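So this block is work.cif, mmCIF, C-alpha atoms:
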```cif
data_data
loop_
_atom_site.label_atom_id
_atom_site.label_comp_id
_atom_site.auth_asym_id
_atom_site.auth_seq_id
_atom_site.Cartn_x
_atom_site.Cartn_y
_atom_site.Cartn_z
CA CYS C 1348 87.35 54.98 79.87
CA TRP C 1349 89.94 57.58 80.92
CA ALA C 1350 92.77 58.16 78.43
CA PHE C 1351 95.31 60.79 77.35
CA SER C 1352 96.42 59.31 74.01
CA ASN C 1353 95.08 57.10 71.25
CA HIS C 1354 95.71 56.29 67.58
CA ASP C 1355 93.94 59.43 66.32
CA VAL C 1356 95.63 62.24 68.27
CA VAL C 1357 99.15 63.56 68.79
CA ARG C 1358 100.85 61.73 71.66
CA HIS C 1359 100.19 63.65 74.85
CA THR C 1360 103.90 63.94 75.70
CA THR C 1361 104.25 66.11 72.58
CA ARG C 1362 100.78 67.66 72.67
CA TRP C 1363 101.34 69.07 76.16
CA SER C 1364 105.15 69.51 75.88
CA LEU C 1365 105.70 67.35 78.96
CA SER C 1366 109.00 66.90 80.74
CA PRO C 1367 109.59 63.41 82.18
CA GLU C 1368 108.60 64.72 85.63
CA ALA C 1369 105.38 66.21 84.29
CA HIS C 1370 104.62 63.02 82.35
CA ARG C 1371 104.84 60.99 85.56
CA THR C 1372 102.61 63.33 87.53
CA TYR C 1373 99.94 63.37 84.82
CA LEU C 1374 100.08 59.57 84.78
CA ALA C 1375 99.44 59.57 88.53
CA VAL C 1376 96.33 61.68 87.93
CA LEU C 1377 95.14 59.34 85.17
CA LEU C 1378 95.69 56.20 87.23
CA SER C 1379 93.89 57.78 90.17
CA MET C 1380 90.64 58.11 88.25
CA ARG C 1381 87.73 55.87 89.19
CA GLY C 1382 86.81 53.20 86.67
CA SER C 1383 88.63 52.04 83.55
CA VAL C 1384 91.89 53.56 82.28
CA CYS C 1385 93.27 53.09 78.77
CA LEU C 1386 97.00 53.39 78.06
CA TYR C 1387 98.09 53.73 74.44
CA GLN C 1388 101.08 51.68 73.26
CA GLY C 1389 104.34 53.54 73.64
CA GLU C 1390 103.25 56.05 76.23
CA GLU C 1391 104.68 53.77 78.93
CA LEU C 1392 108.05 54.40 77.27
CA GLY C 1393 107.54 58.16 77.20
CA LEU C 1394 107.45 58.22 73.39
CA ASN C 1395 106.98 61.57 71.70
CA GLU C 1396 105.10 62.08 68.44
CA ALA C 1397 107.22 60.78 65.55
CA ASP C 1398 107.97 63.11 62.64
CA ILE C 1399 107.14 61.04 59.56
CA ALA C 1400 108.52 61.99 56.14
CA PHE C 1401 105.88 62.68 53.50
CA GLU C 1402 106.95 59.71 51.38
CA ASP C 1403 106.35 57.36 54.34
CA LEU C 1404 102.84 58.58 55.14
CA HIS C 1405 99.80 56.32 54.88
CA ASP C 1406 97.14 58.42 56.60
CA PRO C 1407 94.94 59.93 53.83
CA TYR C 1408 94.41 63.11 55.85
CA GLY C 1409 98.14 63.66 56.25
CA ILE C 1410 98.75 63.10 52.54
CA ARG C 1411 95.91 65.42 51.56
CA PHE C 1412 96.65 68.31 53.93
CA TRP C 1413 100.47 68.14 54.22
CA PRO C 1414 102.26 70.14 55.59
CA ALA C 1415 99.56 72.10 57.42
CA PHE C 1416 98.36 68.83 58.95
CA LYS C 1417 100.75 65.89 58.95
CA GLY C 1418 98.11 63.34 59.77
CA ARG C 1419 97.95 60.70 62.47
CA ASP C 1420 100.82 58.45 61.46
CA GLY C 1421 103.17 60.08 63.98
CA CYS C 1422 101.40 58.35 66.86
CA ARG C 1423 101.03 55.03 65.01
CA THR C 1424 104.67 54.01 64.61
CA PRO C 1425 105.82 50.57 65.81
CA MET C 1426 106.48 49.68 69.41
CA VAL C 1427 110.24 49.71 70.06
CA TRP C 1428 111.30 46.54 71.85
CA HIS C 1429 115.05 46.43 71.24
CA ALA C 1430 117.25 49.50 70.84
CA ASN C 1431 119.84 47.84 68.61
CA LEU C 1432 117.67 45.67 66.37
CA GLN C 1433 116.31 46.56 62.96
CA HIS C 1434 112.89 48.23 63.16
CA GLY C 1435 113.28 48.37 66.93
CA GLY C 1436 112.74 44.63 67.16
CA PHE C 1437 109.11 45.07 66.12
CA SER C 1438 109.44 42.95 62.99
CA ASP C 1439 112.03 41.41 60.68
CA ALA C 1440 110.01 42.69 57.73
CA LYS C 1441 109.57 46.34 56.84
CA PRO C 1442 106.74 47.66 59.03
CA TRP C 1443 103.79 49.73 57.82
CA LEU C 1444 105.42 52.85 59.30
CA PRO C 1445 109.10 53.46 60.09
CA VAL C 1446 110.50 53.47 63.62
CA ALA C 1447 111.50 56.99 64.63
CA GLU C 1448 115.25 57.22 65.27
CA GLU C 1449 114.72 59.11 68.52
CA HIS C 1450 112.55 56.28 69.85
CA ALA C 1451 115.37 53.71 69.81
CA SER C 1452 116.93 55.02 73.03
CA LYS C 1453 113.57 54.52 74.78
CA ALA C 1454 113.19 50.87 73.75
CA VAL C 1455 111.83 48.37 76.24
CA ASP C 1456 115.12 46.50 76.64
CA ALA C 1457 116.95 49.74 77.47
CA GLN C 1458 114.37 50.86 80.02
CA GLU C 1459 113.97 47.51 81.76
CA ARG C 1460 117.57 47.76 83.02
CA ASP C 1461 116.97 51.20 84.54
CA PRO C 1462 114.93 51.17 87.76
CA ASP C 1463 114.22 54.88 87.33
CA SER C 1464 112.99 54.60 83.73
CA MET C 1465 109.57 55.71 82.56
CA LEU C 1466 108.60 52.10 81.87
CA ASN C 1467 109.39 50.99 85.40
CA PHE C 1468 107.59 54.01 86.82
CA TYR C 1469 104.48 53.01 84.87
CA ARG C 1470 104.74 49.51 86.30
CA ARG C 1471 105.03 50.83 89.86
CA MET C 1472 102.14 53.25 89.44
CA ILE C 1473 99.91 50.59 87.89
CA ALA C 1474 100.74 48.21 90.75
CA TYR C 1475 99.98 50.93 93.28
CA ARG C 1476 96.60 51.62 91.67
CA ALA C 1477 95.79 47.91 91.78
CA SER C 1478 96.61 47.81 95.50
CA ARG C 1479 94.27 50.70 96.39
CA PRO C 1480 90.54 50.04 95.90
CA GLU C 1481 89.94 53.69 96.82
CA LEU C 1482 91.51 54.70 93.50
CA VAL C 1483 89.82 52.08 91.34
CA LYS C 1484 86.28 52.27 92.68
CA GLY C 1485 86.18 54.79 95.51
CA THR C 1486 84.09 57.95 95.68
CA PHE C 1487 85.80 61.15 94.51
CA ASP C 1488 85.35 64.20 96.73
CA VAL C 1489 87.32 67.21 95.51
CA VAL C 1490 89.11 69.19 98.22
CA GLU C 1491 90.83 71.77 96.01
CA ALA C 1492 91.14 72.20 92.26
CA ASP C 1493 92.55 74.75 89.84
CA GLU C 1494 94.42 74.61 86.54
CA CYS C 1495 97.67 73.53 88.24
CA PHE C 1496 96.54 71.59 91.30
CA LEU C 1497 94.09 68.88 92.30
CA SER C 1498 93.41 67.27 95.64
CA ALA C 1499 90.63 64.90 96.64
CA ILE C 1500 89.51 62.35 99.19
CA ARG C 1501 88.88 58.87 97.83
CA THR C 1502 86.69 56.57 99.91
CA CYS C 1503 85.93 52.87 99.51
CA GLY C 1504 84.09 51.33 102.44
CA ARG C 1505 86.06 52.27 105.54
CA GLN C 1506 89.23 53.05 103.62
CA ARG C 1507 90.05 56.69 102.88
CA LEU C 1508 92.92 58.05 100.81
CA PHE C 1509 93.83 61.70 100.32
CA THR C 1510 95.45 62.46 96.97
CA ALA C 1511 97.13 65.68 95.80
CA PHE C 1512 98.81 66.49 92.49
CA ASN C 1513 101.01 69.49 91.77
CA LEU C 1514 100.78 70.06 88.01
CA SER C 1515 103.17 72.99 87.87
CA GLY C 1516 106.82 73.95 88.18
CA GLN C 1517 106.22 75.78 91.47
CA ALA C 1518 106.00 74.32 94.96
CA ARG C 1519 102.49 74.23 96.36
CA GLU C 1520 101.11 74.15 99.89
CA VAL C 1521 98.74 71.25 100.51
CA VAL C 1522 95.80 71.90 102.81
CA LEU C 1523 94.92 68.61 104.47
CA PRO C 1524 91.33 67.78 105.37
CA ALA C 1525 90.39 67.48 109.02
CA GLY C 1526 91.68 64.35 110.70
CA ALA C 1527 94.93 62.43 110.90
CA TRP C 1528 96.67 61.56 107.63
CA THR C 1529 99.80 59.48 107.12
CA THR C 1530 101.84 59.47 103.90
CA ASP C 1531 101.61 56.16 102.06
CA HIS C 1532 105.23 55.46 101.14
CA ASP C 1533 104.20 52.59 98.89
CA ALA C 1534 103.18 55.19 96.32
CA PRO C 1535 105.91 55.77 93.69
CA PHE C 1536 106.50 59.41 94.67
CA ASP C 1537 108.92 60.93 97.16
CA ALA C 1538 107.09 64.08 98.18
CA GLY C 1539 107.94 63.75 101.86
CA ASP C 1540 105.66 64.00 104.87
CA GLY C 1541 105.25 67.78 104.96
CA THR C 1542 102.51 69.99 103.57
CA ILE C 1543 104.64 71.56 100.81
CA LEU C 1544 104.34 69.63 97.57
CA PRO C 1545 107.39 70.11 95.29
CA PRO C 1546 106.96 70.89 91.58
CA TRP C 1547 105.51 68.05 89.51
CA GLN C 1548 104.90 65.81 92.49
CA ALA C 1549 102.03 63.85 93.96
CA THR C 1550 101.25 62.62 97.44
CA PHE C 1551 98.96 59.91 98.73
CA LYS C 1552 97.99 59.94 102.41
CA GLU C 1553 96.00 57.34 104.34
CA ALA C 1554 93.45 58.23 107.00
CA SER C 1555 94.76 57.03 110.34
#
```
Mind turning this structure into structure tokens?
Amino acid sequence: CWAFSNHDVVRHTTRWSLSPEAHRTYLAVLLSMRGSVCLYQGEELGLNEADIAFEDLHDPYGIRFWPAFKGRDGCRTPMVWHANLQHGGFSDAKPWLPVAEEHASKAVDAQERDPDSMLNFYRRMIAYRASRPELVKGTFDVVEADECFLSAIRTCGRQRLFTAFNLSGQAREVVLPAGAWTTDHDAPFDAGDGTILPPWQATFKEAS
């Protein structure tokens, strides 16, 4: 199972110091992997690691090694459903861990109204993955790869999809494989039809 975050590690938005644009591009990489993908609650809202006060900790490791290691409670805080409700709408009773104040503005009800929100981007990217068998179960043939860039051809039966991900703040030239390729505008990225991939962008091109 492919995953970036879970209940035992710092949320990847914080761990990798991701901007919203970077977060979206890394998600595109994750959801382009063959096989099963696991998403950890809250990452679809773009939640950062919560800073939990010592008196609110429950993780034995955090209590024992504070402040050198603050434990794992920062990634285990409640899901925030409603920005203006107590405990983020998670519960009427006091939850096991407090809701981080900075998470309230990223609550589900706030993001559902914004078509450009992180939550709605996750929904579009998940739907796109589901529509492309090449991503879910296709072969993975790397075209180019370095620490800031990845491109590959995904093949499932007669369907072929070229994918490229710019994981940097600099524009990158995309070298297309031989053949005719047409940008799939159903993908939730607006990288254009050219061969220059803007910073923190992805492109998906169909063989034609």
Query raised in the report: Between C:Ala1554, C:Leu1365, C:Met1472, C:Val1356, which is the closest to Ile1500 of chain C once you count all atoms listed in the file?
Result: C:Ala1554
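Across the model, the gap from atom CA of Pro1425 of chain C to atom CA of Asp1403 of chain C is 13.3 Å.
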Requested in this report: Can you give me, as number ranges by chain, the residues this file yields under the PyMOL selection byres ((chain C and resi 1389) around 10)?
Outcome: C: 1352, 1358, 1386-1388, 1390-1395, 1422-1427, 1450, 1453-1455, 1466
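In terms of minimum interatomic distance to Trp1363 of chain C, C:Leu1514 ranks closest within C:Ser1478, C:Leu1514, C:Arg1381, C:Cys1348, counting all atoms listed in the file.
Nearest to Ser1498 of chain C of all the residues C:Ser1452, C:Ser1515, C:Thr1550, C:Asn1467 is C:Thr1550, counting all atoms listed in the file.
Among the candidate residues C:His1359, C:Arg1411, C:Lys1552, C:Arg1371, the one lying nearest to Arg1470 of chain C is C:Arg1371, with distances computed using all atoms listed in the file.
Our summary of the geometry notes that atom CA of Phe1437 of chain C is positioned 12.2 Å from atom CA of Asp1456 of chain C.
For the file shown, the residue list from the PyMOL selection byres ((chain C and resi 1448) around 10) reads Ala1397, Asp1398, Ala1430, His1434, Gly1435, Pro1445, Val1446, Ala1447, Glu1449, His1450, Ala1451 and Ser1452 of chain C.
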Query raised in the report: If you count only C-alpha atoms, which residues fall within 10 Å of Gln1506 of chain C, apart from same-chain ones fewer than 4 positions away, as a PyMOL selection string?
Result: chain C and resi 1479-1481+1485+1501-1502+1553-1555
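Take atom CA of Trp1528 of chain C and atom CA of Asp1493 of chain C: the distance between them is 22.5 Å.
Considering only C-alpha atoms, the residue among C:Ala1518, C:Ala1369, C:Leu1523, C:Ile1410 positioned nearest to Ala1499 of chain C is C:Leu1523.
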Requested in this report: In the coordinates of the file, take the point (103.5, 56.1, 103.0) and a cut-off of 9 Å; then, counting all atoms listed in the file, name each qualifying protein, DNA or RNA residue as an MDAnalysis selection string.
Outcome: chainID C and resid 1529:1534 1539:1540 1550:1553
Requested in this report: Show which residues sit within 7 Å of Met1380 of chain C, as a list in words. Count only C-alpha atoms, and ignore same-chain residues fewer than 2 positions away.
Outcome: Val1376, Leu1377, Leu1378, Gly1382, Leu1482 and Val1483 of chain C
Can I get the selected residues back with C-alpha atoms, as a PDB file, keeping the file's coordinate frame?
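Output saved as selection.pdb:
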```pdb
ATOM      1  CA  VAL C1376      96.330  61.680  87.930  1.00  0.00           C
ATOM      2  CA  LEU C1377      95.140  59.340  85.170  1.00  0.00           C
ATOM      3  CA  LEU C1378      95.690  56.200  87.230  1.00  0.00           C
ATOM      4  CA  GLY C1382      86.810  53.200  86.670  1.00  0.00           C
ATOM      5  CA  LEU C1482      91.510  54.700  93.500  1.00  0.00           C
ATOM      6  CA  VAL C1483      89.820  52.080  91.340  1.00  0.00           C
TER       7      VAL C1483
END
```
Report summary line: Using all atoms listed in the file, the shortest atom-to-atom distance to Arg1419 of chain C among C:Ser1383, C:Asn1353, C:Gln1433, C:Ser1438 belongs to C:Asn1353
